[in-house]
Every structure is written in structure tokens, then in C-alpha cells.
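Read through the structure below, which is laid out as C-alpha cells, and then see the notes.
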Amino acid sequence: MSDEYTPPEVWTWEQDDGNRFASINRPTAGAREDKELPTGEHPFQLYSLATPNGVKVTTMFEELLEAGHDAEYDAWPIDIMSGTQFTSGFVAVNPNSKIPALLDRSTFPPTRIFESGSILVHLAERYGAFLSSDPRTRTETLSWLFWQVGAGPYLGGGFGHFYAYAPKKWKYPIDRFAMETKRQLDVLDQRLAEHEFLAGEYSIADMANWPWYGALVLGHLYSAATFLAVHEYEHVNRWATQIAARPAVKRGVMVNKVWGNEGTQVPERHSAADFEGKSL
């Protein structure tokens with residue numbers, strides 16, 4: 001860091017910290033605006049965005065549909081830059097005001113599910129899919145799922161923030177989080193050297209990890225592939241490419257996408273027809 005910082009006795013919030021999220025970040029929770037969310041005709045109402053955490057869930061839904069399950073869903077985009085996640089409707093589904101958030105109306109009363117890992121487990125148990133009933137395989141799957149939940153903030157809020165979003169480039173935090181990100185890639189690489197997928201068979205563990213680490217090595221996340229020398233992780237690259245080729249994954253990454261080439265965007269998803277004319 002160029003300037004040493006001496007923390008005050010009591011921290012106080014200053015709104016303008018110079019990063020792109022400064023206008024919405026506050027140290028408080030709860031609704032800031034009274035506004036309901038849209039709803040569709042399907043039992044599942046997903047409120048999300050095609051960030052890595054959002055892609056976990058849309059991939060799961062599309063994989064369930066690809067496998068023949070009756071898992072139709074409505075997916076609505078949440079504009080996190082304008083603060084839609086802080087409306088009363090969204091906060092009612094996710095008090096943490098983060099995407100993704102899911103409302104399962106197949107139960108009475110409807111069940112709210114927030115946190116991407118929890119949503120994946122809910123859907124896997126609901127359909128008996130992508131989470132083995134064998135105790136050893138199930139435990140291995142959940143271990144890699146929760147590994148991602150715990151490790152992800154180092155990649156996203158740590159490396160991603162200081163490498164891509166912070167107002168200045170500071171060597172210390174970038175070095176700190178680049179080291180940890182590469183260590184995590186090595187953890188995955190060693191596992192995938194011995195197994196086709198993280199839990200042996202394709203599962204919600206892969207769906208949770210791929211949008212982060214798969215996107216990273218494929219060059220779709222933070223434009224950091226060269227900086228992190230991701231070519232060193234042969235088995236992660238094999239796994240990432242293999243999963244990226246799955247039809248359900250190709251659809252999942254387009255749902256709630258509102259940037260880039262319009263031909264790759266499906267901002268709202270209500271049926272398979274929404275993918276017509278779209279491709280990656």
C-alpha cells in the first residue's frame with residue numbers, strides 16, 4: 001500500500017470509497033424501498049443475475065430439465081447496481097439482499113431459499129438428482145460444495161475485488177489473494193487429476209465450483225487467466241472445458257444475463273422457447 005492506514009478507535013462509514021459498488025454498499029441490512037417482485041406461472045420463482053453464484057442455480061435448473069425432471073421455473077433478473085436486491089419483495093425472500101434467491105411455491109406456504117449452496121441442496125433433494133444417496137459419495141459432494149462456499153470469497157471478494165474493482169491497484173492485497181486463489185486452483189487440480197468430477201460423478205459440487213474456477217481458467221472471469229498462469233492447472237482446464245460443453249450449462253450461463261452480446265442473453269427465462277435464436 002502506498003499510504004499506511006491507522007484504524008480509528010471506532011470505525012465509521014464513508015459512502016464514497018471509489019469503487020463501482022459505492023452507491024449501493026451500506027453497513028446496514030433490510031429493505032430500502034417498498035416494492036414487490038414479479039411472479040410467473042411456474043412453481044419456482046428465481047430472482048438472480050448471471051454472476052457466478054447465479055449461474056450455479058440456473059445451471060442446476062437446466063440440468064434437471066435436461067435430465068427429464070419437471071423443474072420448470074421463471075427466472076427474473078435482479079439489477080444489483082440499481083439496488084433491486086434491497087426492495088421489500090426481495091428482502092422477504094433473502095434477508096441478506098444477495099442473489100440468487102428462490103421462492104418454491106410447490107409447498108404451502110411457499111418456501112424461501114437463499115444462499116446458492118442451500119438452493120442447490122434443496123433442488124437436489126427435491127428431485128433426487130445430482131446428489132448421490134450413497135453416504136460416502138453424498139458426503140464427498142457436500143464437502144466440495146461447502147469447500148466452494150467457504151473458498152469462493154477469497155476469489156471473488158478478495159482477488160476479484162482488488163484485481164478488477166478496487167479504485168487502485170495495491171500490491172499487498174493482490175499478492176495475498178492471488179496466492180490463495182492459486183492455492184485453491186492447485187487443490188482442485190490435484191483432486192481432478194484422480195477423478196473426472198469433484199465427487200467422482202457429476203454433481204452439485206461441480207455446478208457450484210465451475211462458475212467460479214471453471215470461468216476463471218477459461219478466461220471469462222476478471223480477465224485474469226494470464227496473470228494467474230491458469231495454464232498450469234491441466235486437470236482444472238480439462239474439467240472446465242468438459243463442463244462448458246454440456247447443453248444445460250450453455251443455457252444456464254445465458255439466463256439472467258444482461259450484458260455482452262445480445263445473442264447470448266436471456267434476461268428473463270420462462271420456457272425453453274426463450275433460448276430460440278440464442279447461442280454462446
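Residues in the C-alpha cells are named by chain (A, B, ... in the order shown) and by number from 1 within that chain; ligands are numbered from 1 in the order shown.
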
12 Å contact set for Ile204 of chain A, only C-alpha atoms, chain neighbours under 3 positions out, as JSON, numbers by chain: {"A": [55, 56, 57, 58, 59, 60, 61, 63, 64, 116, 117, 118, 119, 120, 121, 122, 123, 124, 125, 128, 129, 130, 131, 132, 137, 138, 139, 140, 141, 142, 143, 144, 145, 146, 148, 197, 198, 199, 200, 201, 207, 208, 209, 210, 211]}

Considering only C-alpha atoms, give me a table of residues in segment 8-63 of chain A that are at most 10 Å from segment 262-276 of chain A, with the closest atom pair and distance in Å for each, as a tab-separated table.
residue	atom	partner	partner_atom	distance
A:Gly40	CA	A:His270	CA	7.6
A:Glu41	CA	A:His270	CA	8.4
A:His42	CA	A:His270	CA	8.1
A:Gln45	CA	A:His270	CA	9.6
A:Leu46	CA	A:Arg269	CA	9.4
A:Tyr47	CA	A:Glu268	CA	9.7
A:Ser48	CA	A:Pro267	CA	9.8
A:Leu49	CA	A:Pro267	CA	8.4
A:Ala50	CA	A:Pro267	CA	8.9
A:Thr58	CA	A:Arg269	CA	9.6
A:Glu62	CA	A:Ala272	CA	9.5

Secondary structure check, strand (DSSP E or B) residues of segment 40-249 of chain A, as a PyMOL selection string: chain A and resi 44-48+73-77+87+101-104+111-114+199+201

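Shortest atom-to-atom contact with Pro173 of chain A among A:Gly158, A:Val187, A:Ala22, A:Leu37: A:Gly158, counting only C-alpha atoms.
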
Residue neighbourhood Gln15 of chain A, 12 Å, only C-alpha atoms, exclusion window fewer than 3 positions, as JSON, numbers by chain: {"A": [12, 18, 19, 20, 21, 22, 23, 24, 25, 26, 27]}

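The interatomic distance for the pair atom CA of Val93 of chain A and atom CA of Pro77 of chain A works out to 14.4 Å.
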
Spatial neighbours of Glu234 of chain A, 12 Å, only C-alpha atoms, chain gap at least 6 places, as a ChimeraX atom specification: /A:185-186,188-193,214,217-218,240-241

Residue list (helix (DSSP H, G or I), DSSP) for segment 56-158 of chain A, as an MDAnalysis selection string: chainID A and resid 56:66 84:86 88:93 116:127 135:158
